[in-house]
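S.K.: First, the structure itself, so that you have it in front of you.
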Amino acid sequence: MSELLLGGSIDAELVSRAQQGEMIAFEVLVVKYQRRVAATIQRFVRDDAVTEELTQEVFLSVFTALPNFKPDGEFAAWLFTIARNAAKSYLRSAQNRQDDRPAPAPDDADLDARSGSAPSAEEQVMAQQLFKCIDTEVAALPEIQRRALLMREIDGLDYKTIATTLTQPVNTVKSHIFRARDAIANRVRPLLTPTRDRRW
Amino acid sequence: MHESSRLLDGELTATELTSLLERLKHDRALRDDITAQQLVRDSLAGVQALDAGYTLRILAALERAQLGRP
């Protein structure tokens, strides 16, 4: 009998392996969710430096709490709850600090702290190029690939529903989506910033 | 084939996942591919932000925490 695909339980499997000390499994979860966790926090705090600091704290908290996570729970829901709570907690303590003392004028140290992670003008231009490249590549896909990809990534439909809508076999739909993603990723990869001695 | 996409979509078996995770430990091209694939997915879902070393800094913080360093 052939082995089953992990499907929706892929995160639970990665968590389970991380719980057993397989760090690379947790790294995949960080790569998969860090941007969306940061976006969730950013919506609350609207500050790049604080967003990065809280995002790091969230993943540290999650990593520390991994032994208590039950594999039958949904990892993403747990993660985003922790992210929202961290942002709300930050806002509460920021409010308390404001209540306790007059708000100081921004000083050099404050500006320096923020400049550490705020995107530079160069990074912003790169980001614009990169996201424009993605849009261009999506537009250049064969129509069937583009429709399947957008149904999956924007509408969040499962393969079976997409297959029914496009009147194509499920495996054909998967193939369209994988090829579309590969085509776009191949164009995007050279635009990513290389970082020396990186792990990711 | 298409293994980064399959990983992020859960279209792997447990055995395939074991093999992929093992390769990820030393295959930079595979890690780059997963990073690019996730960026595309996030972008299409409306989360358009560059990584700008974010992942590296999170993982460095995790490593420091594991080693008990501040």
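Just remember, in the structure tokens the first chain shown is A, the second B, etc., residues are 1-based per chain, and ligands are 1-based in the order shown.
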Enumerate as a PyMOL selection string the residues belonging to chain A that approach chain B to within 6 Å, with only C-alpha atoms taken into account.
M.R.: chain A and resi 4-7+10+56+127+154+185+189+200
S.K.: Enumerate, as a count of residues only, the complete set of residues in segment 6-139 of chain A that a backbone-based DSSP assignment places in alpha helix (DSSP H).
M.R.: 104
S.K.: Atom CA of Leu130 of chain A and atom CA of Ile144 of chain A, how far apart in Å?
M.R.: 23.6 Å
S.K.: Any idea what the distance is between atom CA of Ala87 of chain A and atom CA of Ala39 of chain A?
M.R.: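 We find that atom CA of Ala87 of chain A and atom CA of Ala39 of chain A lie 11.0 Å from each other.
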S.K.: Please report the interatomic distance between atom CA of Phe131 of chain A and atom CA of Phe26 of chain A in Å with one decimal.
M.R.: 26.8 Å
